file work06.txt (compact mmCIF, C-alpha atoms)
# COMPACT_ATOMS: atom_id res chain seq x y z
CA MET A 1 0.00 0.00 0.00
CA SER A 2 1.17 3.48 -0.72
CA GLY A 3 -0.21 6.99 -0.88
CA ASN A 4 -2.46 8.72 1.58
CA TYR A 5 -3.89 6.20 4.01
CA LEU A 6 -5.61 7.46 7.12
CA ASP A 7 -5.20 6.31 10.70
CA ARG A 8 -8.40 4.39 11.50
CA ARG A 9 -8.55 5.28 15.19
CA SER A 10 -8.08 9.03 14.52
CA LEU A 11 -10.70 8.95 11.77
CA THR A 12 -13.29 6.95 13.69
CA ALA A 13 -12.85 9.02 16.86
CA ASP A 14 -13.33 12.20 14.83
CA VAL A 15 -16.39 10.91 12.94
CA LEU A 16 -18.06 9.35 16.00
CA GLY A 17 -17.50 12.59 17.90
CA ARG A 18 -19.56 14.41 15.27
CA ARG A 19 -22.37 11.86 14.88
CA GLU A 20 -25.02 13.95 16.65
CA GLY A 21 -26.94 11.08 18.20
CA ALA A 22 -26.76 8.72 15.25
CA LEU A 23 -27.12 5.03 16.03
CA VAL A 24 -24.11 3.04 14.86
CA VAL A 25 -24.08 -0.54 13.59
CA PRO A 26 -20.41 -1.55 13.35
CA GLY A 27 -19.18 -4.61 11.52
CA LEU A 28 -17.56 -7.41 13.49
CA GLY A 29 -14.00 -7.04 14.69
CA SER A 30 -11.98 -3.89 14.11
CA PRO A 31 -14.84 -1.40 13.50
CA THR A 32 -16.40 -2.64 16.74
CA TRP A 33 -13.09 -2.22 18.58
CA ASP A 34 -12.80 1.26 17.02
CA CYS A 35 -16.20 2.26 18.41
CA PHE A 36 -15.27 1.11 21.90
CA ALA A 37 -11.83 2.75 21.67
CA ALA A 38 -13.56 6.04 20.79
CA GLY A 39 -15.34 6.01 24.14
CA GLY A 40 -18.12 3.49 23.84
CA SER A 41 -21.87 4.10 23.84
CA ASP A 42 -25.15 2.25 24.13
CA ASP A 43 -25.81 3.68 20.65
CA TYR A 44 -23.28 1.20 19.23
CA LEU A 45 -24.40 -2.33 18.36
CA TYR A 46 -21.08 -4.05 19.03
CA SER A 47 -20.59 -7.09 16.84
CA TRP A 48 -18.50 -10.19 17.38
CA GLY A 49 -19.80 -12.24 14.46
CA GLY A 50 -22.13 -12.54 11.51
CA MET A 51 -19.80 -11.31 8.80
CA GLY A 52 -21.72 -9.68 5.96
CA LEU A 53 -24.70 -8.72 8.11
CA ALA A 54 -23.78 -5.24 9.33
CA LEU A 55 -25.51 -3.41 6.48
CA PRO A 56 -28.69 -5.54 6.48
CA THR A 57 -28.90 -5.12 10.26
CA ALA A 58 -28.44 -1.36 9.93
CA LEU A 59 -31.15 -1.33 7.27
CA GLY A 60 -33.55 -3.05 9.67
CA VAL A 61 -32.84 -0.47 12.36
CA ALA A 62 -33.23 2.38 9.84
CA ILE A 63 -36.62 1.08 8.71
CA ALA A 64 -37.82 0.66 12.28
CA ARG A 65 -36.51 4.06 13.45
CA PRO A 66 -37.06 6.49 10.58
CA ALA A 67 -36.57 9.52 12.84
CA ARG A 68 -33.08 8.39 13.85
CA ARG A 69 -29.93 8.55 11.78
CA VAL A 70 -28.32 5.13 11.42
CA MET A 71 -24.72 4.61 10.32
CA CYS A 72 -23.21 1.29 9.33
CA LEU A 73 -19.49 1.45 10.12
CA THR A 74 -17.77 -1.52 8.58
CA GLY A 75 -14.72 -2.91 6.85
CA ASP A 76 -14.15 -3.53 3.16
CA GLY A 77 -14.13 -7.32 3.54
CA GLU A 78 -17.25 -7.31 5.72
CA LEU A 79 -19.18 -5.23 3.22
CA MET A 80 -17.95 -7.28 0.28
CA MET A 81 -19.21 -10.50 1.87
CA GLY A 82 -22.69 -9.01 1.50
CA LEU A 83 -22.36 -6.79 -1.56
CA GLY A 84 -25.90 -7.60 -2.61
CA SER A 85 -27.06 -5.61 0.41
CA LEU A 86 -26.15 -2.47 -1.51
CA SER A 87 -28.92 -3.32 -3.97
CA VAL A 88 -31.37 -4.09 -1.18
CA VAL A 89 -30.62 -0.72 0.43
CA GLY A 90 -30.82 1.05 -2.93
CA ALA A 91 -34.28 -0.38 -3.52
CA GLN A 92 -35.56 0.45 -0.01
CA ALA A 93 -33.95 3.91 -0.21
CA PRO A 94 -33.92 4.72 3.52
CA GLY A 95 -33.26 8.45 3.84
CA ASN A 96 -31.76 7.98 7.32
CA LEU A 97 -29.12 5.36 6.48
CA SER A 98 -25.45 6.00 5.82
CA VAL A 99 -22.46 3.72 5.41
CA LEU A 100 -18.81 4.39 6.20
CA VAL A 101 -16.42 1.74 4.92
CA LEU A 102 -13.04 1.57 6.63
CA ASP A 103 -11.06 0.26 3.70
CA ASN A 104 -7.55 -1.06 4.24
CA GLU A 105 -7.83 -3.41 1.25
CA HIS A 106 -6.91 -6.33 3.51
CA PHE A 107 -8.36 -8.85 5.92
CA GLY A 108 -6.67 -7.14 8.84
CA GLU A 109 -8.18 -9.30 11.58
CA THR A 110 -7.05 -12.66 10.25
CA GLY A 111 -3.41 -12.05 9.37
CA ARG A 112 -3.44 -9.17 6.91
CA GLN A 113 -4.19 -11.16 3.80
CA PRO A 114 -4.91 -8.99 0.74
CA GLY A 115 -8.59 -8.34 0.09
CA LEU A 116 -10.46 -7.22 -3.01
CA ALA A 117 -11.23 -3.56 -2.37
CA GLY A 118 -7.97 -2.52 -4.02
CA THR A 119 -9.38 -3.55 -7.38
CA THR A 120 -13.11 -2.91 -6.75
CA ASP A 121 -14.58 0.59 -6.60
CA LEU A 122 -17.09 0.38 -3.75
CA CYS A 123 -18.23 4.00 -4.23
CA ALA A 124 -19.16 3.23 -7.84
CA MET A 125 -20.90 0.03 -6.79
CA ALA A 126 -23.03 1.90 -4.26
CA MET A 127 -24.03 4.47 -6.85
CA ALA A 128 -24.85 1.74 -9.37
CA ALA A 129 -27.07 0.13 -6.70
CA GLY A 130 -29.11 3.31 -6.20
CA PHE A 131 -27.37 5.18 -3.38
CA ARG A 132 -27.86 8.96 -3.53
CA ARG A 133 -24.22 9.91 -3.11
CA SER A 134 -20.84 8.43 -2.35
CA MET A 135 -17.53 9.89 -1.28
CA LEU A 136 -13.93 8.70 -1.32
CA VAL A 137 -12.02 9.92 1.74
CA THR A 138 -8.23 10.09 1.64
CA ALA A 139 -7.46 13.08 3.89
CA MET A 140 -8.49 14.09 7.40
CA ASP A 141 -9.48 17.56 6.21
CA GLN A 142 -12.39 15.87 4.41
CA VAL A 143 -13.95 14.86 7.74
CA PRO A 144 -16.34 17.85 8.05
CA ALA A 145 -17.71 17.22 4.54
CA LEU A 146 -17.80 13.49 5.26
CA CYS A 147 -19.81 13.97 8.46
CA SER A 148 -22.15 16.39 6.77
CA MET A 149 -22.93 13.69 4.21
CA LEU A 150 -23.12 10.85 6.74
CA PHE A 151 -25.28 12.59 9.32
CA GLU A 152 -27.23 15.34 7.54
CA GLU A 153 -27.79 14.49 3.90
CA ALA A 154 -30.67 12.37 2.70
CA GLY A 155 -29.57 8.76 2.44
CA PRO A 156 -28.70 6.23 1.50
CA VAL A 157 -25.14 7.51 1.21
CA LEU A 158 -21.83 5.66 1.34
CA ALA A 159 -18.28 6.77 1.97
CA VAL A 160 -15.10 4.78 1.56
CA ALA A 161 -12.20 5.90 3.73
CA LYS A 162 -8.85 4.54 2.67
CA ILE A 163 -7.15 3.60 5.94
CA ALA A 164 -3.70 2.28 6.76
CA LEU A 165 -3.19 -1.36 7.62
CA SER A 166 -2.42 -0.78 11.27
CA LYS A 167 -1.98 -2.75 14.43
CA ASP A 168 -4.08 -0.99 17.04
CA GLU A 169 -4.53 -1.64 20.72
CA LEU A 170 -7.25 -4.25 21.26
CA THR A 171 -10.14 -2.56 23.03
CA LEU A 172 -12.82 -5.15 23.59
CA PRO A 173 -16.35 -4.13 24.52
CA GLU A 174 -19.21 -6.19 25.99
CA LYS A 175 -19.47 -9.60 24.33
CA ASP A 176 -22.87 -10.83 25.58
CA GLY A 177 -25.21 -10.20 22.67
CA ALA A 178 -28.31 -10.06 24.83
CA ILE A 179 -26.81 -7.24 26.91
CA ILE A 180 -25.59 -5.37 23.81
CA ALA A 181 -29.02 -5.75 22.21
CA ARG A 182 -30.93 -4.58 25.28
CA ARG A 183 -28.76 -1.48 25.66
CA PHE A 184 -29.06 -0.67 21.96
CA GLN A 185 -32.84 -1.18 21.98
CA GLU A 186 -33.21 1.28 24.83
CA ALA A 187 -30.88 3.76 23.13
CA ALA A 188 -32.80 3.43 19.86
CA ALA A 189 -36.12 4.01 21.64
CA ARG A 190 -34.98 7.40 22.95
CA ALA A 191 -36.17 10.27 20.80
CA MET B 192 -53.44 -30.66 -3.46
CA SER B 193 -55.72 -29.00 -0.97
CA VAL B 194 -57.74 -25.98 -1.94
CA HIS B 195 -57.57 -24.54 1.56
CA ASN B 196 -56.10 -21.01 1.35
CA TRP B 197 -53.23 -21.35 3.80
CA SER B 198 -51.56 -18.23 2.40
CA LYS B 199 -54.50 -16.16 3.62
CA ASP B 200 -54.28 -17.79 7.05
CA VAL B 201 -50.58 -16.89 7.29
CA PHE B 202 -51.22 -13.34 6.09
CA ASP B 203 -53.97 -12.93 8.71
CA ALA B 204 -51.57 -14.18 11.38
CA VAL B 205 -48.92 -11.72 10.17
CA LYS B 206 -51.37 -8.83 10.42
CA ALA B 207 -52.73 -9.95 13.80
CA ARG B 208 -49.22 -9.93 15.27
CA GLY B 209 -48.13 -6.58 13.92
CA ILE B 210 -45.43 -7.96 11.64
CA SER B 211 -44.80 -5.00 9.36
CA THR B 212 -41.88 -6.12 7.19
CA VAL B 213 -41.58 -9.27 5.11
CA ALA B 214 -38.08 -9.83 3.70
CA THR B 215 -37.96 -12.38 0.93
CA ILE B 216 -36.43 -14.23 -1.93
CA PRO B 217 -39.63 -15.49 -3.54
CA ASP B 218 -40.67 -19.05 -4.18
CA GLY B 219 -43.53 -20.36 -6.26
CA GLY B 220 -45.21 -21.61 -3.12
CA LEU B 221 -45.09 -18.10 -1.64
CA THR B 222 -46.74 -16.40 -4.61
CA ASP B 223 -50.17 -15.85 -3.04
CA PHE B 224 -48.76 -14.81 0.34
CA LEU B 225 -46.35 -12.31 -1.23
CA LEU B 226 -49.16 -10.88 -3.39
CA MET B 227 -51.18 -10.24 -0.23
CA CYS B 228 -48.18 -8.60 1.45
CA GLY B 229 -47.43 -6.46 -1.59
CA GLY B 230 -51.05 -5.39 -1.82
CA ASP B 231 -51.19 -4.25 1.80
CA ALA B 232 -50.18 -0.63 2.36
CA GLU B 233 -48.97 -1.34 5.90
CA THR B 234 -46.71 -4.25 4.98
CA ARG B 235 -43.25 -3.54 3.61
CA VAL B 236 -41.83 -6.18 1.30
CA VAL B 237 -38.03 -6.16 1.21
CA THR B 238 -36.66 -8.08 -1.75
CA LEU B 239 -33.26 -9.59 -0.96
CA THR B 240 -30.31 -10.78 -3.01
CA THR B 241 -29.64 -13.67 -0.62
CA GLU B 242 -31.76 -14.94 2.23
CA GLU B 243 -29.17 -14.30 4.95
CA GLU B 244 -29.71 -10.57 4.51
CA GLY B 245 -33.19 -11.14 5.87
CA ILE B 246 -31.74 -12.52 9.11
CA GLY B 247 -29.86 -9.25 9.66
CA ILE B 248 -32.84 -7.11 8.67
CA ALA B 249 -35.16 -8.96 11.06
CA ALA B 250 -32.68 -8.47 13.91
CA GLY B 251 -32.33 -4.77 13.07
CA LEU B 252 -36.10 -4.29 12.97
CA TRP B 253 -36.46 -5.86 16.40
CA LEU B 254 -33.64 -3.71 17.78
CA GLY B 255 -35.54 -0.69 16.45
CA GLY B 256 -38.87 -1.81 17.92
CA GLN B 257 -40.60 -3.42 14.94
CA ARG B 258 -41.39 -6.96 13.87
CA GLY B 259 -40.21 -8.59 10.67
CA MET B 260 -40.01 -12.04 9.14
CA ILE B 261 -38.26 -13.81 6.28
CA ALA B 262 -40.06 -15.84 3.60
CA MET B 263 -38.00 -18.18 1.42
CA GLN B 264 -37.69 -21.49 -0.36
CA SER B 265 -35.94 -24.31 1.48
CA SER B 266 -32.88 -23.94 -0.79
CA GLY B 267 -32.40 -20.50 0.76
CA VAL B 268 -32.06 -21.98 4.23
CA GLY B 269 -28.56 -23.09 3.28
CA ASN B 270 -27.62 -19.46 2.68
CA CYS B 271 -28.68 -18.50 6.21
CA ILE B 272 -26.72 -20.84 8.45
CA ASN B 273 -23.84 -18.64 9.64
CA ALA B 274 -26.17 -15.64 9.75
CA LEU B 275 -28.40 -17.48 12.24
CA GLY B 276 -25.66 -16.99 14.81
CA LEU B 277 -26.75 -13.34 14.98
CA PRO B 278 -30.25 -13.81 16.45
CA ALA B 279 -28.84 -16.59 18.65
CA ALA B 280 -26.25 -14.19 20.09
CA LEU B 281 -28.66 -11.27 20.47
CA ARG B 282 -31.47 -13.56 21.64
CA SER B 283 -33.64 -11.75 19.12
CA PRO B 284 -36.72 -13.12 17.39
CA CYS B 285 -36.20 -14.63 13.95
CA LEU B 286 -39.29 -15.90 12.17
CA MET B 287 -38.89 -17.83 8.95
CA LEU B 288 -41.59 -19.07 6.59
CA VAL B 289 -40.03 -21.76 4.42
CA THR B 290 -41.73 -23.46 1.49
CA MET B 291 -40.17 -26.82 0.81
CA ARG B 292 -38.54 -28.28 -2.28
CA GLY B 293 -36.72 -31.58 -2.70
CA GLN B 294 -39.19 -33.39 -0.55
CA TRP B 295 -42.69 -34.63 -1.44
CA GLY B 296 -42.85 -35.65 -5.11
CA GLU B 297 -39.85 -33.59 -6.20
CA PHE B 298 -38.98 -34.13 -9.85
CA ASN B 299 -35.71 -32.14 -9.81
CA PRO B 300 -32.79 -34.04 -8.25
CA TRP B 301 -30.81 -30.81 -7.83
CA GLN B 302 -33.35 -29.69 -5.21
CA VAL B 303 -33.23 -32.87 -3.16
CA PRO B 304 -29.97 -32.53 -1.14
CA MET B 305 -30.84 -29.16 0.43
CA GLY B 306 -34.52 -30.00 0.74
CA GLN B 307 -33.76 -33.19 2.65
CA ALA B 308 -31.25 -31.38 4.88
CA THR B 309 -33.33 -28.29 5.62
CA GLN B 310 -34.75 -29.25 9.00
CA SER B 311 -31.51 -30.90 10.18
CA VAL B 312 -29.31 -27.91 9.44
CA LEU B 313 -31.79 -25.46 10.96
CA GLU B 314 -31.96 -27.52 14.14
CA ALA B 315 -28.17 -27.85 14.16
CA VAL B 316 -27.89 -24.07 14.57
CA GLY B 317 -30.64 -23.90 17.16
CA VAL B 318 -33.69 -22.97 15.10
CA LYS B 319 -36.99 -24.42 16.33
CA CYS B 320 -38.69 -26.15 13.39
CA PHE B 321 -42.41 -26.46 12.80
CA PRO B 322 -43.02 -28.76 9.81
CA VAL B 323 -46.56 -28.71 8.40
CA ASP B 324 -48.01 -31.05 5.82
CA GLN B 325 -51.70 -30.13 5.92
CA ALA B 326 -52.90 -26.83 4.46
CA GLU B 327 -55.46 -26.40 7.24
CA ASP B 328 -52.68 -26.40 9.85
CA VAL B 329 -50.30 -23.85 8.33
CA GLY B 330 -51.89 -20.69 9.70
CA GLU B 331 -52.21 -21.93 13.26
CA THR B 332 -48.70 -23.37 13.22
CA PHE B 333 -47.29 -20.13 11.85
CA GLY B 334 -49.02 -18.20 14.63
CA ALA B 335 -47.61 -20.54 17.27
CA ALA B 336 -44.11 -20.20 15.83
CA ALA B 337 -44.45 -16.42 15.65
CA ASP B 338 -45.51 -16.20 19.29
CA MET B 339 -42.58 -18.36 20.37
CA ALA B 340 -40.22 -16.19 18.33
CA PHE B 341 -41.46 -12.78 19.42
CA PHE B 342 -42.28 -13.55 23.06
CA GLY B 343 -39.40 -15.91 23.71
CA GLY B 344 -36.66 -14.42 21.56
CA PHE B 345 -36.15 -17.58 19.53
CA ALA B 346 -35.44 -18.40 15.91
CA CYS B 347 -38.43 -20.35 14.60
CA ALA B 348 -39.01 -21.78 11.12
CA VAL B 349 -42.31 -22.99 9.70
CA LEU B 350 -41.59 -25.59 7.02
CA VAL B 351 -44.50 -25.85 4.59
CA SER B 352 -44.43 -29.24 2.87
CA GLN B 353 -44.55 -29.71 -0.87
CA ARG B 354 -47.59 -31.82 -0.03
CA VAL B 355 -49.32 -28.52 0.81
CA ILE B 356 -48.00 -26.32 -1.97
CA GLY B 357 -47.98 -28.99 -4.68
CA ALA B 358 -44.86 -30.44 -6.27
CA LYS B 359 -43.61 -28.42 -9.23
CA GLY B 360 -43.86 -30.39 -12.46
CA PHE B 361 -42.93 -28.11 -15.38
CA GLY B 362 -45.71 -29.82 -17.32
CA ARG B 363 -44.02 -33.19 -17.17

call {"tool": "encode", "arguments": {"input": "work06.txt", "output": "structure tokens"}}
result
Amino acid sequence: MSGNYLDRRSLTADVLGRREGALVVPGLGSPTWDCFAAGGSDDYLYSWGGMGLALPTALGVAIARPARRVMCLTGDGELMMGLGSLSVVGAQAPGNLSVLVLDNEHFGETGRQPGLAGTTDLCAMAMAAGFRRSMLVTAMDQVPALCSMLFEEAGPVLAVAKIALSKDELTLPEKDGAIIARRFQEAAARA
Amino acid sequence: MSVHNWSKDVFDAVKARGISTVATIPDGGLTDFLLMCGGDAETRVVTLTTEEEGIGIAAGLWLGGQRGMIAMQSSGVGNCINALGLPAALRSPCLMLVTMRGQWGEFNPWQVPMGQATQSVLEAVGVKCFPVDQAEDVGETFGAAADMAFFGGFACAVLVSQRVIGAKGFGR
């Protein structure tokens, strides 16, 4: 990898700090650790499994809670395991759903094997599936525009942030799904 | 093949329980039920690209305070197995309406392996199975499965036999 790759923890902390009450559905593994490292919240549906399901799960929440902003925060490999979900979201067209892909073009969690996002344009795929707008993020000074799209613009919108393949401190949140779900349900029910 | 309208019974049970979203990959046996859902202004039909997406959507709906279900052919059950770990972990309801292939009078050998394995693999990942082979029993069974799912936080699958829906023949 070369060029301008962002630090995932700096980016996620910045974005989550500007989310203005949005509910967050992170993908399993690193995006979940990122959420907890950024301070943790009952608004985050921490995930320890179910690869490929972050976006469909976020879609369900977005349908059920149309007055709340919902962001799916996931990795390139996680999204690509369920690429068809882009078409499902495009067809349902939830105005309150946004997606931020943390794209290091690798399977970082399992030994840093190369993935497929280096040769697949996920922004273009989202647009082809009916998303309203997409954005490629390669610099931290794009964060205000990124957050404006993720949290204010009519969805569905998708951003791909090119991040460095890093080894970050493991910050592990609650693992009991029933507890995570109950906390998230209560957070989602708040106006 | 029975003339009893089991699809209407299931649709009535869906409405009575406030299930507002039906996620699906269609099957011939689901045609009438999906027509009723699509014709109802209060029921959202979410067309999927693969059935496992429906497992995530149903969990998300429940987390947000709504009820959903997934309707699919038995071949789609195979696509859902890893995904079924999600409702198991969250202890969230997961209600599946499955119309069977590869079972009663199947003419297509390609359908038989997954059809024969459907109940076993669902039970292997902890899904409670409710097989039905009489049209008159489908609605009541679906309601019982739905109540177990939504009140108990279980994954429940109603398996509607080819004996009920009629084996596909392609005019053979």

call {"tool": "interface_residues", "arguments": {"input": "work06.txt", "of": "chain A", "to": "chain B", "cutoff": "10 Å", "atoms": "only C-alpha atoms", "output": "MDAnalysis selection string"}}
result
chainID A and resid 25 45 47:66 68 82:89 91:92 175:189

call {"tool": "closest_residue", "arguments": {"input": "work06.txt", "among": "A:Val99, A:Ala22, A:His106, A:Gly77", "to": "Met135 (chain A)", "atoms": "only C-alpha atoms"}}
result
A:Val99

call {"tool": "closest_residue", "arguments": {"input": "work06.txt", "among": "A:Thr171, A:Thr110, A:Asn96, A:Asn4", "to": "Leu136 (chain A)", "atoms": "all atoms listed in the file"}}
result
A:Asn4

call {"tool": "atom_distance", "arguments": {"input": "work06.txt", "atom1": "CA of Gly115 (chain A)", "atom2": "CA of Ala161 (chain A)"}}
result
15.1 Å

call {"tool": "atom_distance", "arguments": {"input": "work06.txt", "atom1": "CA of Cys320 (chain B)", "atom2": "CA of Met81 (chain A)"}}
result
27.5 Å

call {"tool": "closest_residue", "arguments": {"input": "work06.txt", "among": "B:Cys347, B:Ala308, B:Val355, B:Ile210", "to": "Gly296 (chain B)", "atoms": "all atoms listed in the file"}}
result
B:Val355

call {"tool": "atom_distance", "arguments": {"input": "work06.txt", "atom1": "CA of Ala337 (chain B)", "atom2": "CA of Glu242 (chain B)"}}
result
18.5 Å

call {"tool": "residues_around", "arguments": {"input": "work06.txt", "residues": "Thr332 (chain B)", "least_positions_apart": "4", "cutoff": "8 Å", "atoms": "only C-alpha atoms", "output": "list in words"}}
result
Phe321, Val323, Asp328, Ala336 and Val349 of chain B
